[in-house]
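> Please read through the structure below; I'll follow up with questions.
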There are 6 protein chains.
Amino acid sequence: MPYVNIKITREDATPDQKAALIRGVTDLLVEVLNKDPATTFVVIDEVALEDWGVGGLPVAEFRRQRLSADRLTES
Amino acid sequence: MPYVNIKITREDATPDQKAALIRGVTDLLVEVLNKDPATTFVVIDEVALEDWGVGGLPVAEFRRQRLSADRLTES
Amino acid sequence: MPYVNIKITREDATPDQKAALIRGVTDLLVEVLNKDPATTFVVIDEVALEDWGVGGLPVAEFRRQRLSADRLTES
Amino acid sequence: MPYVNIKITREDATPDQKAALIRGVTDLLVEVLNKDPATTFVVIDEVALEDWGVGGLPVAEFRRQRLSADRLTES
Amino acid sequence: MPYVNIKITREDATPDQKAALIRGVTDLLVEVLNKDPATTFVVIDEVALEDWGVGGLPVAEFRRQRLSADRLTES
Amino acid sequence: MPYVNIKITREDATPDQKAALIRGVTDLLVEVLNKDPATTFVVIDEVALEDWGVGGLPVAEFRRQRLSADRLTES
């Protein structure tokens with residue numbers, strides 16, 4: 001009876017994409033560990049960009065800086 | 001100093017029902033493990049139906065299919 | 001289909017006490033929100049004292065200091 | 001940059017099976033949401049049977065009762 | 001590659017304050033454990049007052065009662 | 001009354017380092033959000049290397065491959 005929690009940044013994931021995640025994770029647990037889908041829960045959390053940090057920065061700022069760095073490297 | 005997280009689907013739980021959950025879980029921890037209520041946290045998360053999966057399906061779809069199956073069985 | 005996670009410090013909770021927590025939380029969700037026990041999960045995590053902090057201190061140290069403070073107040 | 005937490009009962013999952021879960025979930029997030037594997041974390045928690053409850057019972061007891069019920073139904 | 005989840009009550013934390021939490025936690029993990037910021041995730045959850053309980057009460061009620069108790073003590 | 005959960009790979013963090021994390025996170029929440037340390041919980045989870053995945057691989061394998069890639073680049 002697995003419980004899976006998927007946290008992603010909130011960026012326009014559609015209900016169909018969420019259904020695909022739920023289906024895919026459940027199938028995976030059946031294939032790999034022979035788990036029963038009827039007792040497999042999947043919970044998706046969408047997290048606002050300002051609430052997710054990586055590299056010590058909120059995601060939006062982190063992406064801006066990485067983009068700038070890439071441009072410097074390329075030029 | 002327990003920490004309890006309750007995840008439920010978002011389906012019109014009222015503030016009074018939430019208060020009853022908080023009270024009930026805290027009382028339970030006092031009774032069973034003699035925990036101090038002053039350092040017992042309860043956090044309730046309501047999860048949108050499209051973000052909760054069971055049986056490989058989002059909850060709403062899961063319920064529809066189970067209902068259809070029940071009707072087939074009964075007829 | 002609720003999911004409940006109970007975190008407690010690891011201090012000799014017995015299997016019977018854990019079963020009482022599982023039973024109690026499940027009953028509570030039935031009473032308050034009419035949830036189906038068959039799709040109610042409860043997961044208990046026991047956390048080592050050195051891995052739990054409160055008041056800026058690991059729990060064991062927190063308790064020692066509070067005990068000392070209590071003695072000072074009483075004397 | 002997704003974060004995925006998979007909780008399963010502790011029942012002899014091998015390192016290879018865990019690697020298959022990590023690989024499968026990461027691939028799924030690439031396919032469905034075009035996420036970057038380099039910033040996709042997967043954390044697996046194995047939970048002792050006595051710490052996981054369903055139907056108001058610890059898992060081992062839940063399975064025993066369901067097995068008994070199945071036998072009654074079949075006979 | 002640490003993952004840190006910070007849960008706070010929803011009470012007007014600003015984007016700048018959240019950025020300060022992300023920065024501070026990441027720096028701390030670098031200092032104490034020499035972790036790589038590039039693979040350090042911080043996720044902040046703001047929880048509505050009615051969804052957070054302490055002392056067996058929702059936070060708002062808990063504060064009201066403590067305030068009343070303080071006034072009684074002072075008078 | 002914040003709750004902070006820190007997940008790190010299990011790699012010989014000492015009790016003193018854990019205490020430093022607990023102290024540091026608590027101080028940060030006081031500074032940035034004026035939270036009360038007495039109701040600030042910090043829970044540290046150490047996760048076995050085989051249970052943590054990044055880049056679609058368990059951490060140990062991920063590090064081996066990155067190290068090999070670095071050597072190829074350098075030579």
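Identifiers in the structure tokens: chain A, B, ... in order shown; residue index from 1 per chain; ligand index from 1 in order shown.
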Return chain A as a short mmCIF file (atom, residue, chain, number, x, y, z; two decimals) with N, CA, C and O atoms, in the first residue's frame, after superposing it on chain C by a least-squares fit that covers all C-alpha atoms paired in order.

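Full text of superposed-v2.cif as output:
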```
data_model
loop_
_atom_site.label_atom_id
_atom_site.label_comp_id
_atom_site.auth_asym_id
_atom_site.auth_seq_id
_atom_site.Cartn_x
_atom_site.Cartn_y
_atom_site.Cartn_z
N MET A 1 -10.39 9.41 1.29
CA MET A 1 -9.19 8.58 1.42
C MET A 1 -8.07 9.34 2.09
O MET A 1 -7.11 9.75 1.45
N PRO A 2 -8.16 9.48 3.38
CA PRO A 2 -7.16 10.30 4.08
C PRO A 2 -5.82 9.57 4.23
O PRO A 2 -5.76 8.34 4.21
N TYR A 3 -4.80 10.39 4.38
CA TYR A 3 -3.46 9.91 4.71
C TYR A 3 -3.00 10.70 5.93
O TYR A 3 -3.00 11.93 5.91
N VAL A 4 -2.63 9.99 6.98
CA VAL A 4 -2.22 10.64 8.21
C VAL A 4 -0.80 10.20 8.57
O VAL A 4 -0.50 9.00 8.55
N ASN A 5 0.05 11.15 8.83
CA ASN A 5 1.42 10.86 9.24
C ASN A 5 1.63 11.38 10.67
O ASN A 5 1.42 12.57 10.93
N ILE A 6 2.01 10.48 11.56
CA ILE A 6 2.23 10.83 12.96
C ILE A 6 3.72 10.71 13.26
O ILE A 6 4.28 9.62 13.12
N LYS A 7 4.34 11.81 13.62
CA LYS A 7 5.76 11.77 13.99
C LYS A 7 5.88 11.94 15.49
O LYS A 7 5.34 12.89 16.06
N ILE A 8 6.56 11.00 16.14
CA ILE A 8 6.80 11.08 17.57
C ILE A 8 8.27 10.80 17.85
O ILE A 8 8.95 10.17 17.03
N THR A 9 8.75 11.28 18.98
CA THR A 9 10.11 10.92 19.36
C THR A 9 10.15 9.42 19.70
O THR A 9 9.18 8.85 20.18
N ARG A 10 11.30 8.80 19.39
CA ARG A 10 11.46 7.35 19.64
C ARG A 10 11.70 7.13 21.12
O ARG A 10 12.81 7.36 21.62
N GLU A 11 10.64 6.70 21.83
CA GLU A 11 10.76 6.50 23.27
C GLU A 11 9.90 5.33 23.70
O GLU A 11 8.99 5.47 24.50
N ASP A 12 10.18 4.17 23.15
CA ASP A 12 9.57 2.94 23.61
C ASP A 12 8.06 2.84 23.41
O ASP A 12 7.37 2.23 24.24
N ALA A 13 7.53 3.42 22.36
CA ALA A 13 6.13 3.15 22.04
C ALA A 13 6.02 1.67 21.66
O ALA A 13 6.84 1.16 20.89
N THR A 14 5.03 0.98 22.20
CA THR A 14 4.87 -0.45 21.94
C THR A 14 4.01 -0.65 20.69
O THR A 14 3.27 0.25 20.28
N PRO A 15 4.08 -1.86 20.10
CA PRO A 15 3.18 -2.17 18.98
C PRO A 15 1.70 -1.95 19.36
O PRO A 15 0.92 -1.48 18.53
N ASP A 16 1.33 -2.26 20.60
CA ASP A 16 -0.06 -2.05 21.01
C ASP A 16 -0.42 -0.56 21.03
O ASP A 16 -1.53 -0.18 20.64
N GLN A 17 0.50 0.25 21.50
CA GLN A 17 0.22 1.70 21.50
C GLN A 17 0.11 2.22 20.07
O GLN A 17 -0.74 3.06 19.76
N LYS A 18 0.98 1.72 19.19
CA LYS A 18 0.89 2.13 17.79
C LYS A 18 -0.44 1.69 17.18
O LYS A 18 -1.08 2.46 16.44
N ALA A 19 -0.87 0.47 17.50
CA ALA A 19 -2.16 0.00 17.00
C ALA A 19 -3.29 0.88 17.52
O ALA A 19 -4.26 1.16 16.80
N ALA A 20 -3.15 1.35 18.77
CA ALA A 20 -4.19 2.23 19.35
C ALA A 20 -4.22 3.58 18.62
O ALA A 20 -5.29 4.16 18.41
N LEU A 21 -3.05 4.07 18.24
CA LEU A 21 -3.00 5.33 17.46
C LEU A 21 -3.68 5.13 16.10
O LEU A 21 -4.49 5.96 15.67
N ILE A 22 -3.35 4.04 15.43
CA ILE A 22 -3.92 3.75 14.12
C ILE A 22 -5.44 3.63 14.21
O ILE A 22 -6.19 4.24 13.44
N ARG A 23 -5.89 2.87 15.19
CA ARG A 23 -7.34 2.69 15.40
C ARG A 23 -8.00 4.05 15.71
O ARG A 23 -9.03 4.42 15.13
N GLY A 24 -7.40 4.80 16.63
CA GLY A 24 -8.02 6.04 17.09
C GLY A 24 -8.12 7.08 15.99
O GLY A 24 -9.15 7.76 15.84
N VAL A 25 -7.06 7.24 15.23
CA VAL A 25 -7.08 8.25 14.16
C VAL A 25 -8.09 7.85 13.08
O VAL A 25 -8.83 8.69 12.56
N THR A 26 -8.14 6.57 12.77
CA THR A 26 -9.07 6.10 11.74
C THR A 26 -10.52 6.31 12.20
O THR A 26 -11.36 6.83 11.44
N ASP A 27 -10.81 5.95 13.44
CA ASP A 27 -12.16 6.17 13.98
C ASP A 27 -12.53 7.65 13.93
O ASP A 27 -13.65 8.02 13.59
N LEU A 28 -11.58 8.49 14.29
CA LEU A 28 -11.82 9.94 14.30
C LEU A 28 -12.23 10.43 12.91
O LEU A 28 -13.17 11.24 12.77
N LEU A 29 -11.54 9.94 11.89
CA LEU A 29 -11.85 10.39 10.52
C LEU A 29 -13.21 9.86 10.06
O LEU A 29 -13.89 10.51 9.26
N VAL A 30 -13.59 8.71 10.56
CA VAL A 30 -14.94 8.20 10.27
C VAL A 30 -15.99 9.09 10.94
O VAL A 30 -16.95 9.55 10.31
N GLU A 31 -15.79 9.36 12.22
CA GLU A 31 -16.77 10.15 13.00
C GLU A 31 -16.92 11.57 12.45
O GLU A 31 -18.03 12.06 12.25
N VAL A 32 -15.78 12.24 12.25
CA VAL A 32 -15.83 13.66 11.94
C VAL A 32 -16.15 13.90 10.46
O VAL A 32 -16.89 14.82 10.11
N LEU A 33 -15.59 13.10 9.59
CA LEU A 33 -15.73 13.38 8.15
C LEU A 33 -16.34 12.22 7.36
O LEU A 33 -16.38 12.27 6.13
N ASN A 34 -16.75 11.20 8.06
CA ASN A 34 -17.40 10.06 7.40
C ASN A 34 -16.50 9.39 6.35
O ASN A 34 -16.97 8.92 5.31
N LYS A 35 -15.20 9.34 6.65
CA LYS A 35 -14.25 8.74 5.71
C LYS A 35 -14.33 7.21 5.77
O LYS A 35 -14.68 6.64 6.81
N ASP A 36 -13.96 6.58 4.70
CA ASP A 36 -13.96 5.12 4.60
C ASP A 36 -12.66 4.56 5.20
O ASP A 36 -11.58 4.87 4.68
N PRO A 37 -12.74 3.75 6.26
CA PRO A 37 -11.51 3.21 6.85
C PRO A 37 -10.66 2.43 5.84
O PRO A 37 -9.44 2.43 5.93
N ALA A 38 -11.32 1.76 4.90
CA ALA A 38 -10.59 0.93 3.93
C ALA A 38 -9.60 1.74 3.10
O ALA A 38 -8.62 1.21 2.58
N THR A 39 -9.87 3.04 2.96
CA THR A 39 -8.92 3.88 2.22
C THR A 39 -8.36 4.98 3.12
O THR A 39 -8.13 6.11 2.69
N THR A 40 -8.16 4.64 4.38
CA THR A 40 -7.49 5.56 5.31
C THR A 40 -6.16 4.96 5.72
O THR A 40 -6.11 3.88 6.28
N PHE A 41 -5.08 5.68 5.39
CA PHE A 41 -3.73 5.22 5.73
C PHE A 41 -3.22 6.01 6.93
O PHE A 41 -3.44 7.22 7.02
N VAL A 42 -2.54 5.33 7.83
CA VAL A 42 -1.85 6.00 8.92
C VAL A 42 -0.40 5.53 8.93
O VAL A 42 -0.16 4.32 8.93
N VAL A 43 0.54 6.45 8.89
CA VAL A 43 1.96 6.10 8.93
C VAL A 43 2.61 6.76 10.13
O VAL A 43 2.51 7.98 10.30
N ILE A 44 3.23 5.95 10.98
CA ILE A 44 3.90 6.45 12.19
C ILE A 44 5.40 6.49 11.96
O ILE A 44 5.99 5.51 11.52
N ASP A 45 6.01 7.64 12.24
CA ASP A 45 7.48 7.75 12.18
C ASP A 45 8.00 8.01 13.59
O ASP A 45 7.58 8.97 14.24
N GLU A 46 8.92 7.17 14.02
CA GLU A 46 9.60 7.43 15.28
C GLU A 46 10.93 8.11 14.97
O GLU A 46 11.70 7.62 14.16
N VAL A 47 11.17 9.23 15.63
CA VAL A 47 12.34 10.06 15.33
C VAL A 47 13.28 10.02 16.53
O VAL A 47 12.86 10.24 17.67
N ALA A 48 14.55 9.74 16.28
CA ALA A 48 15.54 9.70 17.37
C ALA A 48 15.61 11.06 18.06
O ALA A 48 15.44 12.11 17.42
N LEU A 49 15.88 11.04 19.36
CA LEU A 49 15.90 12.30 20.13
C LEU A 49 16.88 13.31 19.54
O LEU A 49 16.61 14.52 19.54
N GLU A 50 18.01 12.84 19.03
CA GLU A 50 19.01 13.78 18.50
C GLU A 50 18.57 14.40 17.18
O GLU A 50 19.17 15.36 16.72
N ASP A 51 17.51 13.83 16.58
CA ASP A 51 17.02 14.33 15.29
C ASP A 51 15.80 15.23 15.42
O ASP A 51 15.22 15.66 14.43
N TRP A 52 15.36 15.49 16.66
CA TRP A 52 14.18 16.33 16.87
C TRP A 52 14.62 17.55 17.70
O TRP A 52 15.19 17.38 18.77
N GLY A 53 14.31 18.71 17.18
CA GLY A 53 14.66 19.93 17.91
C GLY A 53 13.44 20.75 18.28
O GLY A 53 12.44 20.75 17.55
N VAL A 54 13.53 21.42 19.42
CA VAL A 54 12.50 22.36 19.83
C VAL A 54 13.20 23.43 20.69
O VAL A 54 14.15 23.11 21.40
N GLY A 55 12.78 24.67 20.56
CA GLY A 55 13.42 25.73 21.32
C GLY A 55 14.87 25.92 20.90
O GLY A 55 15.68 26.43 21.68
N GLY A 56 15.21 25.47 19.69
CA GLY A 56 16.57 25.63 19.19
C GLY A 56 17.54 24.57 19.69
O GLY A 56 18.74 24.65 19.44
N LEU A 57 17.01 23.55 20.39
CA LEU A 57 17.87 22.52 20.98
C LEU A 57 17.36 21.13 20.63
O LEU A 57 16.16 20.93 20.48
N PRO A 58 18.26 20.13 20.57
CA PRO A 58 17.80 18.75 20.49
C PRO A 58 16.92 18.44 21.71
O PRO A 58 17.16 19.00 22.79
N VAL A 59 15.94 17.57 21.55
CA VAL A 59 14.93 17.35 22.59
C VAL A 59 15.56 17.02 23.95
O VAL A 59 15.14 17.56 24.99
N ALA A 60 16.56 16.14 23.98
CA ALA A 60 17.12 15.73 25.26
C ALA A 60 17.69 16.94 26.01
O ALA A 60 17.46 17.13 27.21
N GLU A 61 18.44 17.78 25.28
CA GLU A 61 19.03 18.98 25.88
C GLU A 61 17.93 19.96 26.30
O GLU A 61 17.99 20.58 27.37
N PHE A 62 16.89 20.09 25.46
CA PHE A 62 15.76 20.97 25.77
C PHE A 62 15.10 20.56 27.09
O PHE A 62 14.79 21.41 27.94
N ARG A 63 14.94 19.26 27.29
CA ARG A 63 14.31 18.78 28.53
C ARG A 63 15.20 19.04 29.74
O ARG A 63 14.72 19.41 30.80
N ARG A 64 16.50 18.81 29.56
CA ARG A 64 17.43 19.05 30.67
C ARG A 64 17.36 20.51 31.12
O ARG A 64 17.28 20.79 32.31
N GLN A 65 17.38 21.42 30.16
CA GLN A 65 17.38 22.84 30.52
C GLN A 65 16.06 23.25 31.17
O GLN A 65 16.05 24.06 32.10
N ARG A 66 14.96 22.69 30.68
CA ARG A 66 13.66 23.05 31.24
C ARG A 66 13.55 22.53 32.68
O ARG A 66 13.04 23.21 33.56
N LEU A 67 14.09 21.33 32.88
CA LEU A 67 14.08 20.74 34.22
C LEU A 67 14.90 21.61 35.18
O LEU A 67 14.46 21.91 36.30
N SER A 68 16.06 22.05 34.74
CA SER A 68 16.91 22.91 35.58
C SER A 68 16.18 24.20 35.91
O SER A 68 16.18 24.67 37.04
N ALA A 69 15.52 24.77 34.90
CA ALA A 69 14.80 26.03 35.10
C ALA A 69 13.67 25.83 36.11
O ALA A 69 13.45 26.67 36.98
N ASP A 70 12.98 24.69 35.99
CA ASP A 70 11.88 24.41 36.93
C ASP A 70 12.41 24.34 38.36
O ASP A 70 11.81 24.85 39.29
N ARG A 71 13.57 23.69 38.50
CA ARG A 71 14.13 23.55 39.84
C ARG A 71 14.53 24.90 40.44
O ARG A 71 14.33 25.17 41.60
N LEU A 72 15.07 25.76 39.59
CA LEU A 72 15.44 27.09 40.06
C LEU A 72 14.20 27.85 40.51
O LEU A 72 14.20 28.52 41.55
N THR A 73 13.12 27.72 39.73
CA THR A 73 11.89 28.44 40.05
C THR A 73 11.30 27.94 41.37
O THR A 73 10.80 28.72 42.18
N GLU A 74 11.40 26.63 41.55
CA GLU A 74 10.80 26.04 42.74
C GLU A 74 11.59 26.34 44.01
O GLU A 74 11.03 26.45 45.09
N SER A 75 12.89 26.50 43.87
CA SER A 75 13.72 26.67 45.07
C SER A 75 13.65 28.11 45.55
O SER A 75 13.13 28.98 44.89
#
```
> Mind checking DSSP for stretch 19-67 of chain B and telling me the strand (DSSP E) residues as a ChimeraX atom specification?
/B:41-47,52-54,57-58
